[in-house]
file target.cif (mmCIF, C-alpha atoms)
data_run
loop_
_atom_site.group_PDB
_atom_site.id
_atom_site.type_symbol
_atom_site.label_atom_id
_atom_site.label_comp_id
_atom_site.auth_asym_id
_atom_site.auth_seq_id
_atom_site.Cartn_x
_atom_site.Cartn_y
_atom_site.Cartn_z
ATOM 1 C CA MET A 205 0.000 0.000 0.000
ATOM 2 C CA SER A 206 1.450 3.370 -1.013
ATOM 3 C CA TRP A 207 1.351 6.541 0.999
ATOM 4 C CA GLY A 208 -1.140 7.831 -1.444
ATOM 5 C CA ASP A 209 -3.465 4.879 -0.791
ATOM 6 C CA GLY A 210 -3.063 5.332 2.934
ATOM 7 C CA ALA A 211 -3.981 8.989 2.705
ATOM 8 C CA ALA A 212 -7.048 8.106 0.676
ATOM 9 C CA ASP A 213 -8.139 5.490 3.234
ATOM 10 C CA GLY A 214 -7.522 7.945 6.018
ATOM 11 C CA SER A 215 -9.650 10.570 4.350
ATOM 12 C CA LYS A 216 -12.484 8.056 3.994
ATOM 13 C CA GLN A 217 -12.281 7.172 7.662
ATOM 14 C CA ASN A 218 -12.133 10.829 8.634
ATOM 15 C CA GLY A 219 -15.180 11.468 6.470
ATOM 16 C CA MET A 220 -17.146 8.831 8.358
ATOM 17 C CA ARG A 221 -16.377 10.217 11.800
ATOM 18 C CA PRO A 222 -18.606 13.336 11.527
ATOM 19 C CA GLN A 223 -21.459 11.127 10.258
ATOM 20 C CA MET A 224 -21.076 8.672 13.149
ATOM 21 C CA THR A 225 -20.734 11.545 15.615
ATOM 22 C CA GLY A 226 -23.953 13.080 14.260
ATOM 23 C CA TRP A 227 -25.880 9.820 14.748
ATOM 24 C CA ARG A 228 -24.540 9.545 18.265
ATOM 25 C CA MET A 229 -25.709 13.072 19.042
ATOM 26 C CA ILE A 230 -29.185 12.316 17.665
ATOM 27 C CA LEU A 231 -29.450 9.107 19.692
ATOM 28 C CA ALA A 232 -28.226 10.862 22.822
ATOM 29 C CA THR A 233 -30.768 13.680 22.328
ATOM 30 C CA MET A 234 -33.604 11.163 21.880
ATOM 31 C CA ALA A 235 -32.554 9.381 25.069
ATOM 32 C CA VAL A 236 -32.593 12.649 27.014
ATOM 33 C CA VAL A 237 -36.060 13.530 25.682
ATOM 34 C CA VAL A 238 -37.440 10.110 26.623
ATOM 35 C CA PHE A 239 -35.890 10.349 30.091
ATOM 36 C CA VAL A 240 -37.269 13.838 30.747
ATOM 37 C CA SER A 241 -40.764 12.907 29.496
ATOM 38 C CA THR A 242 -40.818 9.779 31.644
ATOM 39 C CA SER A 243 -39.637 11.708 34.683
ATOM 40 C CA LEU A 244 -42.280 14.410 34.243
ATOM 41 C CA GLY A 245 -44.998 11.799 33.832
ATOM 42 C CA ALA A 246 -43.880 10.017 36.968
ATOM 43 C CA LEU A 247 -43.756 13.304 38.848
ATOM 44 C CA GLN A 248 -47.288 14.185 37.750
ATOM 45 C CA ARG A 249 -48.552 10.749 38.818
ATOM 46 C CA PHE A 250 -46.802 11.145 42.144
ATOM 47 C CA GLU A 251 -48.205 14.601 42.823
ATOM 48 C CA LYS A 252 -51.793 13.949 41.705
ATOM 49 C CA PRO A 253 -53.078 12.232 44.900
ATOM 50 C CA HIS A 254 -51.684 15.080 46.991
ATOM 51 C CA SER A 255 -53.180 17.921 44.985
ATOM 52 C CA HIS A 256 -55.271 20.586 46.680
ATOM 53 C CA ALA A 257 -59.029 20.210 46.885
ATOM 54 C CA SER A 258 -60.513 20.340 43.412
ATOM 55 C CA SER A 259 -63.874 21.408 42.076
ATOM 56 C CA THR A 260 -66.241 19.641 39.702
ATOM 57 C CA CYS A 261 -68.271 22.800 39.015
ATOM 58 C CA SER A 262 -68.740 23.247 35.289
ATOM 59 C CA ALA A 263 -68.344 27.031 35.378
ATOM 60 C CA PRO A 264 -66.643 29.504 37.721
ATOM 61 C CA GLU A 265 -68.916 31.270 40.150
ATOM 62 C CA VAL A 266 -69.248 35.050 40.031
ATOM 63 C CA LYS A 267 -68.400 36.791 43.275
ATOM 64 C CA GLN A 268 -71.263 38.277 45.205
ATOM 65 C CA PRO A 269 -71.955 41.965 44.557
ATOM 66 C CA HIS A 270 -72.621 42.485 48.290
ATOM 67 C CA ALA A 271 -69.337 41.817 50.065
ATOM 68 C CA ASP A 272 -70.593 43.107 53.410
ATOM 69 C CA THR A 273 -73.207 40.459 54.170
ATOM 70 C CA ASN A 274 -74.316 38.844 57.381
ATOM 71 C CA ARG A 275 -74.876 35.572 55.517
ATOM 72 C CA VAL A 276 -71.869 33.265 55.273
ATOM 73 C CA ALA A 277 -71.703 29.634 54.217
ATOM 74 C CA LEU A 278 -69.227 26.788 54.060
ATOM 75 C CA VAL A 279 -70.035 24.074 51.506
ATOM 76 C CA ILE A 280 -67.904 20.903 51.546
ATOM 77 C CA GLY A 281 -68.426 18.106 49.029
ATOM 78 C CA ASN A 282 -66.173 15.062 49.477
ATOM 79 C CA PHE A 283 -66.374 12.138 47.065
ATOM 80 C CA ASN A 284 -62.858 11.031 46.113
ATOM 81 C CA TYR A 285 -62.387 8.488 48.922
ATOM 82 C CA PRO A 286 -59.679 5.902 48.114
ATOM 83 C CA ASP A 287 -61.145 3.330 50.547
ATOM 84 C CA ALA A 288 -64.718 3.534 49.294
ATOM 85 C CA ASP A 289 -65.918 0.740 47.017
ATOM 86 C CA THR A 290 -68.546 3.040 45.505
ATOM 87 C CA PRO A 291 -67.571 6.682 46.201
ATOM 88 C CA PRO A 292 -70.505 9.095 46.684
ATOM 89 C CA ALA A 293 -70.123 10.831 43.328
ATOM 90 C CA GLN A 294 -73.303 12.902 43.755
ATOM 91 C CA THR A 295 -71.812 15.015 46.530
ATOM 92 C CA GLY A 296 -69.659 16.969 44.081
ATOM 93 C CA ASN A 297 -72.691 18.015 42.047
ATOM 94 C CA ASP A 298 -74.707 18.639 45.220
ATOM 95 C CA ALA A 299 -72.060 20.959 46.631
ATOM 96 C CA CYS A 300 -71.790 22.985 43.420
ATOM 97 C CA ALA A 301 -75.560 23.347 43.052
ATOM 98 C CA LEU A 302 -76.122 24.312 46.679
ATOM 99 C CA ALA A 303 -73.257 26.812 46.626
ATOM 100 C CA SER A 304 -74.772 28.445 43.540
ATOM 101 C CA ALA A 305 -78.227 28.649 45.161
ATOM 102 C CA LEU A 306 -76.809 30.161 48.337
ATOM 103 C CA ARG A 307 -74.852 32.770 46.396
ATOM 104 C CA LYS A 308 -78.057 33.817 44.677
ATOM 105 C CA ASP A 309 -79.514 34.183 48.169
ATOM 106 C CA ASN A 310 -76.696 36.617 49.020
ATOM 107 C CA PHE A 311 -74.567 34.182 51.022
ATOM 108 C CA ASP A 312 -70.810 34.636 50.991
ATOM 109 C CA VAL A 313 -69.969 31.026 50.094
ATOM 110 C CA ASP A 314 -66.714 29.139 50.519
ATOM 111 C CA LEU A 315 -66.913 25.998 48.332
ATOM 112 C CA VAL A 316 -64.399 23.226 49.035
ATOM 113 C CA GLN A 317 -64.370 19.821 47.364
ATOM 114 C CA ASN A 318 -62.410 16.640 48.068
ATOM 115 C CA ALA A 319 -61.075 18.284 51.189
ATOM 116 C CA THR A 320 -58.263 16.850 53.252
ATOM 117 C CA ARG A 321 -58.337 17.282 57.012
ATOM 118 C CA ASN A 322 -56.158 20.372 56.726
ATOM 119 C CA ASP A 323 -58.422 21.741 53.987
ATOM 120 C CA MET A 324 -61.446 21.334 56.242
ATOM 121 C CA GLN A 325 -59.770 22.922 59.248
ATOM 122 C CA ARG A 326 -58.581 25.911 57.209
ATOM 123 C CA ALA A 327 -62.049 26.341 55.686
ATOM 124 C CA ILE A 328 -63.615 26.338 59.160
ATOM 125 C CA GLU A 329 -61.099 28.950 60.290
ATOM 126 C CA ARG A 330 -61.957 31.123 57.270
ATOM 127 C CA LEU A 331 -65.635 30.818 58.123
ATOM 128 C CA GLU A 332 -65.124 31.765 61.756
ATOM 129 C CA ALA A 333 -63.081 34.797 60.685
ATOM 130 C CA LYS A 334 -66.104 36.143 58.764
ATOM 131 C CA VAL A 335 -68.554 35.794 61.658
ATOM 132 C CA ARG A 336 -70.230 38.883 63.088
ATOM 133 C CA HIS A 337 -72.638 39.193 65.994
ATOM 134 C CA ASP A 338 -75.613 39.106 63.582
ATOM 135 C CA SER A 339 -74.261 36.431 61.223
ATOM 136 C CA ILE A 340 -76.380 33.660 59.762
ATOM 137 C CA ILE A 341 -74.132 30.674 59.080
ATOM 138 C CA MET A 342 -74.960 27.798 56.749
ATOM 139 C CA ILE A 343 -72.844 24.615 56.806
ATOM 140 C CA TYR A 344 -73.163 21.816 54.264
ATOM 141 C CA PHE A 345 -71.157 18.616 54.387
ATOM 142 C CA GLY A 346 -71.626 15.862 51.823
ATOM 143 C CA GLY A 347 -69.546 12.698 52.056
ATOM 144 C CA TYR A 348 -68.938 10.064 54.722
ATOM 145 C CA GLY A 349 -69.720 10.513 58.373
ATOM 146 C CA VAL A 350 -68.829 7.944 61.040
ATOM 147 C CA GLN A 351 -69.848 7.796 64.667
ATOM 148 C CA SER A 352 -67.443 6.638 67.332
ATOM 149 C CA GLY A 353 -68.058 6.687 71.058
ATOM 150 C CA GLY A 354 -71.405 8.396 70.537
ATOM 151 C CA GLN A 355 -69.788 11.292 68.624
ATOM 152 C CA ASN A 356 -69.991 12.078 64.912
ATOM 153 C CA TYR A 357 -66.961 12.635 62.723
ATOM 154 C CA LEU A 358 -66.929 14.084 59.221
ATOM 155 C CA ILE A 359 -64.386 12.173 57.148
ATOM 156 C CA PRO A 360 -61.861 13.985 54.915
ATOM 157 C CA VAL A 361 -60.624 12.312 51.741
ATOM 158 C CA ASP A 362 -57.099 11.741 53.074
ATOM 159 C CA ALA A 363 -58.239 9.852 56.190
ATOM 160 C CA LYS A 364 -56.219 6.725 56.972
ATOM 161 C CA ILE A 365 -58.627 4.601 59.007
ATOM 162 C CA TRP A 366 -57.838 1.027 60.047
ATOM 163 C CA ASP A 367 -59.792 0.808 63.290
ATOM 164 C CA GLU A 368 -62.394 2.797 65.163
ATOM 165 C CA GLN A 369 -59.789 4.730 67.125
ATOM 166 C CA ASP A 370 -58.445 6.189 63.869
ATOM 167 C CA VAL A 371 -61.825 7.811 63.234
ATOM 168 C CA ARG A 372 -61.321 10.184 66.152
ATOM 169 C CA HIS A 373 -57.853 11.189 64.938
ATOM 170 C CA ALA A 374 -58.487 11.397 61.191
ATOM 171 C CA GLY A 375 -62.035 12.798 61.194
ATOM 172 C CA VAL A 376 -63.324 16.277 61.976
ATOM 173 C CA GLY A 377 -65.639 16.178 64.988
ATOM 174 C CA ALA A 378 -69.104 17.500 64.161
ATOM 175 C CA GLY A 379 -69.663 18.416 67.815
ATOM 176 C CA TRP A 380 -66.399 20.357 67.869
ATOM 177 C CA LEU A 381 -67.423 22.162 64.669
ATOM 178 C CA PHE A 382 -70.837 23.215 65.997
ATOM 179 C CA ALA A 383 -69.418 24.253 69.367
ATOM 180 C CA GLY A 384 -66.789 26.383 67.644
ATOM 181 C CA LEU A 385 -69.383 28.151 65.526
ATOM 182 C CA LYS A 386 -71.468 28.875 68.611
ATOM 183 C CA SER A 387 -68.529 30.296 70.533
ATOM 184 C CA SER A 388 -67.540 32.401 67.508
ATOM 185 C CA GLY A 389 -70.634 34.534 68.089
ATOM 186 C CA ALA A 390 -72.788 33.567 65.102
ATOM 187 C CA HIS A 391 -76.398 34.522 65.769
ATOM 188 C CA VAL A 392 -78.044 31.721 63.739
ATOM 189 C CA ARG A 393 -76.459 28.420 62.747
ATOM 190 C CA LEU A 394 -77.899 26.268 59.965
ATOM 191 C CA ALA A 395 -76.500 22.910 58.893
ATOM 192 C CA VAL A 396 -77.223 20.286 56.250
ATOM 193 C CA ILE A 397 -75.347 17.046 56.901
ATOM 194 C CA ASP A 398 -75.665 14.519 54.063
ATOM 195 C CA ALA A 399 -73.301 11.916 55.490
ATOM 196 C CA SER A 400 -75.476 9.031 56.684
ATOM 197 C CA ARG A 401 -73.879 6.539 54.325
ATOM 198 C CA ARG A 402 -72.707 3.005 54.908
ATOM 199 C CA ASN A 403 -69.341 3.153 56.643
ATOM 200 C CA PRO A 404 -66.642 2.249 54.072
ATOM 201 C CA TYR A 405 -64.307 1.143 56.889
ATOM 202 C CA GLU A 406 -66.694 -1.282 58.584
ATOM 203 C CA ARG A 407 -64.901 -4.366 57.344
ATOM 204 C CA ARG A 408 -61.845 -3.260 59.350
ATOM 205 C CA PHE A 409 -63.698 -2.682 62.624
ATOM 206 C CA ARG A 410 -64.370 -5.350 65.212
ATOM 207 C CA SER A 411 -67.479 -3.471 66.254
ATOM 208 C CA TYR A 412 -69.213 -0.607 64.549
ATOM 209 C CA SER A 413 -72.447 1.331 64.320
ATOM 210 C CA HIS A 414 -74.396 2.238 61.236
ATOM 211 C CA GLY A 415 -75.239 5.834 60.490
ATOM 212 C CA LEU A 416 -74.688 8.833 62.706
ATOM 213 C CA ALA A 417 -75.242 9.460 66.372
ATOM 214 C CA PRO A 418 -78.044 11.910 67.305
ATOM 215 C CA ILE A 419 -77.310 15.542 66.446
ATOM 216 C CA GLN A 420 -79.200 18.040 68.572
ATOM 217 C CA ALA A 421 -79.471 21.685 67.610
ATOM 218 C CA ASP A 422 -78.241 24.023 70.327
ATOM 219 C CA GLU A 423 -79.470 27.582 70.895
ATOM 220 C CA ASN A 424 -80.920 29.245 67.771
ATOM 221 C CA ALA A 425 -79.760 26.482 65.427
ATOM 222 C CA LEU A 426 -81.355 24.257 62.797
ATOM 223 C CA ILE A 427 -79.910 20.989 61.494
ATOM 224 C CA LEU A 428 -81.097 18.811 58.595
ATOM 225 C CA THR A 429 -79.605 15.311 58.292
ATOM 226 C CA SER A 430 -80.184 12.790 55.527
ATOM 227 C CA GLU A 431 -81.257 9.966 57.871
ATOM 228 C CA PRO A 432 -82.324 9.429 61.497
ATOM 229 C CA PRO A 433 -79.655 8.371 64.020
ATOM 230 C CA GLY A 434 -78.384 4.852 63.373
ATOM 231 C CA ALA A 435 -79.733 4.633 59.815
ATOM 232 C CA VAL A 436 -77.990 4.778 56.452
ATOM 233 C CA ALA A 437 -79.105 5.966 53.035
ATOM 234 C CA ASP A 438 -77.894 4.293 49.860
ATOM 235 C CA ASP A 439 -76.923 6.642 47.058
ATOM 236 C CA SER A 440 -79.529 6.731 44.307
ATOM 237 C CA ASP A 441 -79.192 7.191 40.573
ATOM 238 C CA GLY A 442 -79.100 10.663 39.121
ATOM 239 C CA SER A 443 -76.821 13.677 39.268
ATOM 240 C CA HIS A 444 -78.053 14.831 42.705
ATOM 241 C CA SER A 445 -79.027 13.134 45.932
ATOM 242 C CA PRO A 446 -82.727 13.090 46.905
ATOM 243 C CA LEU A 447 -81.953 15.378 49.859
ATOM 244 C CA ILE A 448 -80.310 18.159 47.845
ATOM 245 C CA THR A 449 -82.780 17.762 44.961
ATOM 246 C CA ALA A 450 -85.662 18.453 47.332
ATOM 247 C CA LEU A 451 -83.814 21.189 49.225
ATOM 248 C CA LEU A 452 -82.929 23.109 46.062
ATOM 249 C CA HIS A 453 -86.508 22.866 44.826
ATOM 250 C CA GLU A 454 -87.896 24.196 48.099
ATOM 251 C CA MET A 455 -85.345 27.011 48.228
ATOM 252 C CA GLY A 456 -86.116 28.089 44.676
ATOM 253 C CA SER A 457 -89.895 27.837 44.741
ATOM 254 C CA SER A 458 -90.604 30.847 46.974
ATOM 255 C CA THR A 459 -89.348 32.794 49.954
ATOM 256 C CA ARG A 460 -90.076 30.806 53.105
ATOM 257 C CA SER A 461 -88.647 30.441 56.546
ATOM 258 C CA VAL A 462 -85.679 28.089 56.593
ATOM 259 C CA GLU A 463 -87.458 25.959 59.184
ATOM 260 C CA GLU A 464 -90.367 25.417 56.796
ATOM 261 C CA ILE A 465 -87.982 24.694 53.919
ATOM 262 C CA PHE A 466 -86.121 22.038 55.909
ATOM 263 C CA GLU A 467 -89.386 20.462 57.072
ATOM 264 C CA ARG A 468 -90.847 20.376 53.550
ATOM 265 C CA THR A 469 -87.568 18.899 52.290
ATOM 266 C CA ARG A 470 -87.897 16.113 54.844
ATOM 267 C CA LEU A 471 -91.417 15.276 53.691
ATOM 268 C CA VAL A 472 -90.578 15.440 49.983
ATOM 269 C CA VAL A 473 -87.601 13.079 50.329
ATOM 270 C CA ALA A 474 -89.678 10.547 52.245
ATOM 271 C CA HIS A 475 -92.349 10.716 49.550
ATOM 272 C CA THR A 476 -90.055 10.552 46.501
ATOM 273 C CA THR A 477 -88.032 7.650 47.924
ATOM 274 C CA GLN A 478 -91.211 5.761 48.905
ATOM 275 C CA ASN A 479 -90.223 5.979 52.561
ATOM 276 C CA GLN A 480 -86.808 4.457 51.913
ATOM 277 C CA GLN A 481 -85.143 7.613 53.249
ATOM 278 C CA HIS A 482 -86.316 9.707 56.192
ATOM 279 C CA PRO A 483 -84.369 12.926 56.771
ATOM 280 C CA THR A 484 -84.579 14.464 60.224
ATOM 281 C CA VAL A 485 -84.806 18.066 61.386
ATOM 282 C CA SER A 486 -83.576 19.314 64.745
ATOM 283 C CA SER A 487 -84.542 22.904 65.554
ATOM 284 C CA SER A 488 -84.120 25.432 68.337
ATOM 285 C CA LEU A 489 -84.651 28.524 66.184
ATOM 286 C CA THR A 490 -86.111 31.621 67.782
ATOM 287 C CA ASP A 491 -85.665 33.842 64.711
ATOM 288 C CA ASP A 492 -87.513 33.755 61.409
ATOM 289 C CA VAL A 493 -84.761 33.277 58.818
ATOM 290 C CA LYS A 494 -85.897 33.489 55.209
ATOM 291 C CA LEU A 495 -84.387 31.570 52.313
ATOM 292 C CA GLY A 496 -85.248 31.837 48.663
ATOM 293 C CA PRO A 497 -85.470 34.691 46.168
ATOM 294 C CA ALA A 498 -84.822 37.991 47.931
ATOM 295 C CA PRO A 499 -87.858 40.280 48.192
ATOM 296 C CA ALA A 500 -87.772 43.665 46.482
ATOM 297 C CA ASN A 501 -87.675 45.573 49.776
ATOM 298 C CA ALA A 502 -86.004 43.450 52.446
ATOM 299 C CA THR A 503 -86.489 44.844 55.913
ATOM 300 C CA VAL A 504 -84.600 44.395 59.126
ATOM 301 C CA SER A 505 -86.281 44.112 62.499
ATOM 302 C CA SER A 506 -85.203 42.976 65.918
ATOM 303 C CA GLY A 507 -86.629 40.996 68.790
ATOM 304 C CA GLN A 508 -87.977 37.515 69.371
ATOM 305 C CA ASN A 509 -89.255 35.578 66.348
ATOM 306 C CA THR A 510 -88.312 38.352 63.935
ATOM 307 C CA SER A 511 -87.099 38.228 60.374
ATOM 308 C CA LEU A 512 -83.360 38.309 59.709
ATOM 309 C CA ASP A 513 -83.795 38.986 56.016
ATOM 310 C CA ARG A 514 -80.928 41.304 55.008
ATOM 311 C CA ARG A 515 -80.482 40.302 51.407
ATOM 312 C CA GLY A 516 -81.575 43.560 49.824
#

call {"tool": "encode", "arguments": {"input": "target.cif", "output": "structure tokens"}}
result
Amino acid sequence: MSWGDGAADGSKQNGMRPQMTGWRMILATMAVVVFVSTSLGALQRFEKPHSHASSTCSAPEVKQPHADTNRVALVIGNFNYPDADTPPAQTGNDACALASALRKDNFDVDLVQNATRNDMQRAIERLEAKVRHDSIIMIYFGGYGVQSGGQNYLIPVDAKIWDEQDVRHAGVGAGWLFAGLKSSGAHVRLAVIDASRRNPYERRFRSYSHGLAPIQADENALILTSEPPGAVADDSDGSHSPLITALLHEMGSSTRSVEEIFERTRLVVAHTTQNQQHPTVSSSLTDDVKLGPAPANATVSSGQNTSLDRRG
């Protein structure tokens, strides 16, 4: 082989090196892209269960034009329970619909869905911070409620419950919630508790009780529950539960006292479910609180059994 031949071979080899180097760069770039995409996907899957409470409302709600209102509400709809065989999917729709109806009734509404325990505690703190001496408070909780030791606990979606003792640590005590609202100075306290569902953790308990323990309304309070103490209601078909379907209808039909609305809701649910569900009402109201479309000239009066209609 002559020097000339060697130079020619060398030039061929040198000509191939840039081509090979280019292919290596392309392959390396593709590997980096695949790695980054896989990592981002894994990160998204990792972060998804820990995301903040989400909403299923189809459209954003418009803020109330009356910021200075004596009507405040906390609406919590929990349905994304990992331990539930059949999660209560209706509660998301119920919460959105009720929040919308309350806003139309001039309530300052805080809507929280799929709330963790911290989410629920922070929402309660926000509610208490809005309370005035003449405040009318409305609380709605839709999801799972469990009684333990004669007390009721509202279950957040991140609850880790393996025995009955865990209920008291992971749940939010309904008695504690109502006592806190009373001590905050709210004048009237209204509550709708749609949580009398079959306990999804029963298979882990050695002993358990169906439904909720009795909930008694304290001074100037009104409470509507989806079932009597010790009973459970199975979720029905449809986008809304029978309780909220009836409640929304009664709220939208005309302006009535909230006590009459809750009582009519109880009767309607019993009728439409053919006595398969019997909501209960516990009342100690001394004031006439109106719900429904606001009248043209809302008036304010004081004294026993007087109207607290301040929606105008």

call {"tool": "closest_residue", "arguments": {"input": "target.cif", "among": "A:Leu358, A:Val335, A:Ile341, A:Ile397", "to": "Ala319 of chain A", "atoms": "only C-alpha atoms"}}
result
A:Leu358

call {"tool": "atom_distance", "arguments": {"input": "target.cif", "atom1": "atom CA of Asn284 of chain A", "atom2": "atom CA of Ile448 of chain A"}}
result
18.9 Å

call {"tool": "closest_residue", "arguments": {"input": "target.cif", "among": "A:Leu426, A:Val392, A:Ala435, A:Ile419", "to": "Glu464 of chain A", "atoms": "only C-alpha atoms"}}
result
A:Leu426

call {"tool": "residues_near_point", "arguments": {"input": "target.cif", "point": "(-73.4, 26.1, 52.7)", "cutoff": "9 Å", "atoms": "all atoms listed in the file", "output": "ChimeraX atom specification"}}
result
/A:276-280,299,302-303,306,311,313-315,341-345,394-396

call {"tool": "atom_distance", "arguments": {"input": "target.cif", "atom1": "atom CA of Gly384 of chain A", "atom2": "atom CA of Gln325 of chain A"}}
result
11.5 Å
